[in-house]
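Text of coords23.csv, listed as CSV, C-alpha atoms:
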```
chain,number,residue,atom,x,y,z
A,28,MET,CA,72.5,70.6,98.6
A,29,ASP,CA,75.4,68.5,97.2
A,30,GLY,CA,74.5,66.7,94.1
A,31,VAL,CA,71.6,69.0,93.1
A,32,ALA,CA,72.0,71.3,90.2
A,33,ALA,CA,72.5,75.0,91.1
A,34,GLY,CA,69.7,76.0,88.7
A,35,LYS,CA,67.3,73.6,90.4
A,36,VAL,CA,68.1,75.0,93.8
A,37,THR,CA,67.6,78.5,92.6
A,38,ASP,CA,64.2,77.6,91.0
A,39,PHE,CA,63.1,75.8,94.2
A,40,ALA,CA,64.2,78.7,96.4
A,41,GLY,CA,62.3,81.2,94.1
A,42,GLU,CA,59.2,79.0,94.2
A,43,ALA,CA,59.4,78.8,98.0
A,44,ASP,CA,60.0,82.5,98.4
A,45,ALA,CA,57.0,83.3,96.2
A,46,SER,CA,54.7,80.9,98.0
A,47,GLU,CA,52.8,81.7,101.2
A,48,ALA,CA,53.1,79.4,104.2
A,49,ALA,CA,49.6,78.2,103.7
A,50,ASP,CA,50.4,77.3,100.1
A,51,LEU,CA,53.5,75.3,101.2
A,52,ARG,CA,51.2,73.0,103.2
A,53,ASP,CA,49.4,72.0,100.0
A,54,PHE,CA,52.6,70.4,98.6
A,55,VAL,CA,53.6,66.8,99.3
A,56,PRO,CA,56.0,66.6,102.3
A,57,VAL,CA,59.0,65.7,100.1
A,58,LYS,CA,58.6,68.7,97.8
A,59,ARG,CA,57.8,71.0,100.8
A,60,ILE,CA,61.1,69.9,102.5
A,61,ALA,CA,63.0,70.4,99.2
A,62,LEU,CA,61.6,73.9,98.8
A,63,VAL,CA,62.3,75.0,102.4
A,64,ALA,CA,65.8,73.5,102.1
A,65,ALA,CA,66.5,75.4,98.9
A,66,LEU,CA,65.2,78.6,100.5
A,67,THR,CA,67.4,78.0,103.6
A,68,HIS,CA,70.4,77.3,101.4
A,69,ARG,CA,69.9,80.6,99.5
A,70,ALA,CA,69.5,82.5,102.7
A,71,ARG,CA,72.7,81.1,104.1
A,72,MET,CA,74.5,82.1,100.9
A,73,TRP,CA,73.2,85.6,101.2
A,74,VAL,CA,74.2,85.8,104.8
A,75,ARG,CA,77.7,84.5,104.0
A,76,ASP,CA,78.1,87.1,101.2
A,77,ASP,CA,76.9,89.9,103.5
A,78,LEU,CA,79.4,88.8,106.2
A,79,ALA,CA,82.2,88.7,103.7
A,80,THR,CA,81.3,92.2,102.5
A,81,MET,CA,81.2,93.6,106.0
A,82,PHE,CA,84.5,92.0,106.8
A,83,CYS,CA,86.1,93.4,103.7
A,84,LYS,CA,84.8,96.9,104.5
A,85,ARG,CA,86.1,96.7,108.0
A,86,VAL,CA,89.5,95.6,106.9
A,87,ALA,CA,89.6,98.4,104.3
A,88,MET,CA,88.7,100.9,107.0
A,89,LYS,CA,91.5,99.5,109.3
A,90,ILE,CA,94.0,99.7,106.4
A,91,LYS,CA,93.0,103.3,105.7
A,92,LYS,CA,93.4,104.3,109.3
A,93,ALA,CA,96.7,102.5,109.6
A,94,LYS,CA,98.0,104.3,106.5
A,95,ALA,CA,97.0,107.6,108.0
A,96,GLU,CA,98.8,106.8,111.2
A,97,LEU,CA,101.9,105.7,109.3
A,98,GLU,CA,101.9,108.9,107.4
A,99,GLN,CA,101.8,110.9,110.7
A,100,ILE,CA,104.7,108.8,112.1
A,101,ARG,CA,106.7,109.5,108.9
A,102,LEU,CA,106.1,113.2,109.2
A,103,ALA,CA,107.1,113.3,112.8
A,104,ARG,CA,110.3,111.3,112.0
A,105,ARG,CA,111.0,113.6,109.1
A,106,GLU,CA,110.9,116.6,111.4
A,107,ILE,CA,113.2,114.9,113.9
A,108,VAL,CA,115.7,114.0,111.1
A,109,GLU,CA,115.6,117.5,109.6
A,110,ALA,CA,116.2,119.0,113.1
A,111,LEU,CA,119.2,116.6,113.6
A,112,ILE,CA,120.6,117.5,110.2
A,113,ALA,CA,120.2,121.2,110.9
A,114,THR,CA,121.9,120.8,114.3
A,115,SER,CA,124.8,118.7,112.9
A,116,GLY,CA,125.3,121.2,110.2
A,117,ARG,CA,125.8,124.0,112.7
A,118,CYS,CA,128.1,121.9,114.8
A,119,CYS,CA,130.3,120.5,112.1
A,120,CYS,CA,130.9,123.2,109.6
A,121,THR,CA,133.5,122.1,107.0
A,122,GLY,CA,135.1,125.2,105.8
A,123,ARG,CA,137.2,128.0,107.3
A,124,SER,CA,135.9,130.2,109.9
A,125,ALA,CA,135.0,133.6,108.7
A,126,GLY,CA,137.8,136.1,109.3
A,127,THR,CA,140.2,133.8,111.2
A,128,GLY,CA,141.2,131.4,108.5
A,129,ARG,CA,141.2,128.5,110.8
A,130,ARG,CA,139.4,125.3,110.1
A,131,CYS,CA,136.2,124.9,112.2
A,132,SER,CA,135.6,121.3,111.3
A,133,THR,CA,135.2,118.9,114.3
A,134,TRP,CA,135.8,115.9,112.0
A,135,PRO,CA,139.2,114.2,112.6
A,136,THR,CA,141.7,115.0,109.9
A,137,THR,CA,144.3,112.5,108.8
A,138,THR,CA,147.9,113.5,108.5
A,139,SER,CA,150.3,111.5,106.3
```
Turn the structure described in the file into structure tokens.
Amino acid sequence: MDGVAAGKVTDFAGEADASEAADLRDFVPVKRIALVAALTHRARMWVRDDLATMFCKRVAMKIKKAKAELEQIRLARREIVEALIATSGRCCCTGRSAGTGRRCSTWPTTTS
């Protein structure tokens, strides 16, 4: 349909869509071919648009699912990190032990 005005293609497709098959036989062969070509062109455009819409919806669904999985992974990692922080806090206290006055830190101390 290169070189044909979009309005003309739309008009021909509408005319072909409104006509019955028996009515199309009454047209001269050149016009009949033009009407059917315009109708086919419009149908191909609709199919292409529908496929693009389906693809976009599928990609959006995949993205939504991936975001939910990522959030689950983040929550699991957060629990692990919090457990490690709690464990390291118990192992490496940084003050004096209650009652003894000794340091309980396991971090190396520098002496000058």
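Put simply, atom CA of A:Thr37 is 14.6 Å away from atom CA of A:Ile60.
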- Task: Name the residues in contact with A:Met72 at a cut-off of 12 Å, using all atoms listed in the file, excluding same-chain residues fewer than 5 positions from it; report them as an NGL selection string.
- Result: :A and (28 or 36-37 or 40 or 65-67 or 77-79)
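Closest approach to A:Lys35 from the set A:Pro56, A:Ala49, A:Arg69, A:Glu109 is made by A:Arg69, with distances taken over all atoms listed in the file.
Atom CA of A:Ala43 sits 9.2 Å away from atom CA of A:Ala61.
The coordinates place atom CA of A:Val63 at 9.6 Å from atom CA of A:Glu42.
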Where atoms are missing, can you supply N, CA and C atoms for stretch 37-66 of chain A and output the lot as an mmCIF file, keeping the file's coordinate frame?
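Written out: part07.cif:
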```cif
data_model
loop_
_atom_site.group_PDB
_atom_site.id
_atom_site.type_symbol
_atom_site.label_atom_id
_atom_site.label_comp_id
_atom_site.auth_asym_id
_atom_site.auth_seq_id
_atom_site.Cartn_x
_atom_site.Cartn_y
_atom_site.Cartn_z
ATOM 1 N N THR A 37 68.058 77.137 92.761
ATOM 2 C CA THR A 37 67.600 78.500 92.600
ATOM 3 C C THR A 37 66.094 78.532 92.255
ATOM 4 N N ASP A 38 65.669 77.622 91.390
ATOM 5 C CA ASP A 38 64.200 77.600 91.000
ATOM 6 C C ASP A 38 63.389 77.218 92.262
ATOM 7 N N PHE A 39 63.829 76.220 93.024
ATOM 8 C CA PHE A 39 63.100 75.800 94.200
ATOM 9 C C PHE A 39 63.041 76.946 95.245
ATOM 10 N N ALA A 40 64.158 77.642 95.415
ATOM 11 C CA ALA A 40 64.200 78.700 96.400
ATOM 12 C C ALA A 40 63.261 79.868 95.937
ATOM 13 N N GLY A 41 63.242 80.149 94.657
ATOM 14 C CA GLY A 41 62.300 81.200 94.100
ATOM 15 C C GLY A 41 60.880 80.796 94.310
ATOM 16 N N GLU A 42 60.597 79.524 94.071
ATOM 17 C CA GLU A 42 59.200 79.000 94.200
ATOM 18 C C GLU A 42 58.794 79.116 95.699
ATOM 19 N N ALA A 43 59.693 78.728 96.602
ATOM 20 C CA ALA A 43 59.400 78.800 98.000
ATOM 21 C C ALA A 43 59.221 80.205 98.505
ATOM 22 N N ASP A 44 60.036 81.092 97.968
ATOM 23 C CA ASP A 44 60.000 82.500 98.400
ATOM 24 C C ASP A 44 58.672 83.138 97.898
ATOM 25 N N ALA A 45 58.214 82.728 96.733
ATOM 26 C CA ALA A 45 57.000 83.300 96.200
ATOM 27 C C ALA A 45 55.736 82.736 96.831
ATOM 28 N N SER A 46 55.851 81.569 97.434
ATOM 29 C CA SER A 46 54.700 80.900 98.000
ATOM 30 C C SER A 46 54.446 81.414 99.450
ATOM 31 N N GLU A 47 53.198 81.357 99.853
ATOM 32 C CA GLU A 47 52.800 81.700 101.200
ATOM 33 C C GLU A 47 52.975 80.410 102.067
ATOM 34 N N ALA A 48 53.010 80.562 103.369
ATOM 35 C CA ALA A 48 53.100 79.400 104.200
ATOM 36 C C ALA A 48 51.951 78.454 104.067
ATOM 37 N N ALA A 49 50.775 78.994 103.882
ATOM 38 C CA ALA A 49 49.600 78.200 103.700
ATOM 39 C C ALA A 49 49.680 77.371 102.396
ATOM 40 N N ASP A 50 50.266 77.978 101.364
ATOM 41 C CA ASP A 50 50.400 77.300 100.100
ATOM 42 C C ASP A 50 51.433 76.142 100.205
ATOM 43 N N LEU A 51 52.449 76.313 101.030
ATOM 44 C CA LEU A 51 53.500 75.300 101.200
ATOM 45 C C LEU A 51 52.839 74.012 101.820
ATOM 46 N N ARG A 52 51.801 74.162 102.627
ATOM 47 C CA ARG A 52 51.200 73.000 103.200
ATOM 48 C C ARG A 52 50.457 72.131 102.197
ATOM 49 N N ASP A 53 50.119 72.718 101.081
ATOM 50 C CA ASP A 53 49.400 72.000 100.000
ATOM 51 C C ASP A 53 50.371 71.024 99.269
ATOM 52 N N PHE A 54 51.680 71.281 99.336
ATOM 53 C CA PHE A 54 52.600 70.400 98.600
ATOM 54 C C PHE A 54 52.815 69.108 99.411
ATOM 55 N N VAL A 55 53.237 68.093 98.675
ATOM 56 C CA VAL A 55 53.600 66.800 99.300
ATOM 57 C C VAL A 55 54.791 67.060 100.223
ATOM 58 N N PRO A 56 54.927 66.317 101.325
ATOM 59 C CA PRO A 56 56.000 66.600 102.300
ATOM 60 C C PRO A 56 57.415 66.612 101.653
ATOM 61 N N VAL A 57 57.686 65.740 100.704
ATOM 62 C CA VAL A 57 59.000 65.700 100.100
ATOM 63 C C VAL A 57 59.319 66.998 99.369
ATOM 64 N N LYS A 58 58.357 67.492 98.586
ATOM 65 C CA LYS A 58 58.600 68.700 97.800
ATOM 66 C C LYS A 58 58.637 69.923 98.796
ATOM 67 N N ARG A 59 57.796 69.911 99.840
ATOM 68 C CA ARG A 59 57.800 71.000 100.800
ATOM 69 C C ARG A 59 59.192 71.082 101.483
ATOM 70 N N ILE A 60 59.740 69.928 101.866
ATOM 71 C CA ILE A 60 61.100 69.900 102.500
ATOM 72 C C ILE A 60 62.131 70.405 101.505
ATOM 73 N N ALA A 61 62.026 69.996 100.253
ATOM 74 C CA ALA A 61 63.000 70.400 99.200
ATOM 75 C C ALA A 61 62.912 71.946 99.026
ATOM 76 N N LEU A 62 61.702 72.497 98.971
ATOM 77 C CA LEU A 62 61.600 73.900 98.800
ATOM 78 C C LEU A 62 62.122 74.717 99.965
ATOM 79 N N VAL A 63 61.801 74.258 101.177
ATOM 80 C CA VAL A 63 62.300 75.000 102.400
ATOM 81 C C VAL A 63 63.824 74.820 102.469
ATOM 82 N N ALA A 64 64.363 73.649 102.122
ATOM 83 C CA ALA A 64 65.800 73.500 102.100
ATOM 84 C C ALA A 64 66.501 74.384 101.135
ATOM 85 N N ALA A 65 65.921 74.505 99.949
ATOM 86 C CA ALA A 65 66.500 75.400 98.900
ATOM 87 C C ALA A 65 66.440 76.844 99.385
ATOM 88 N N LEU A 66 65.326 77.226 99.997
ATOM 89 C CA LEU A 66 65.200 78.600 100.500
ATOM 90 C C LEU A 66 66.198 78.872 101.614
#
```
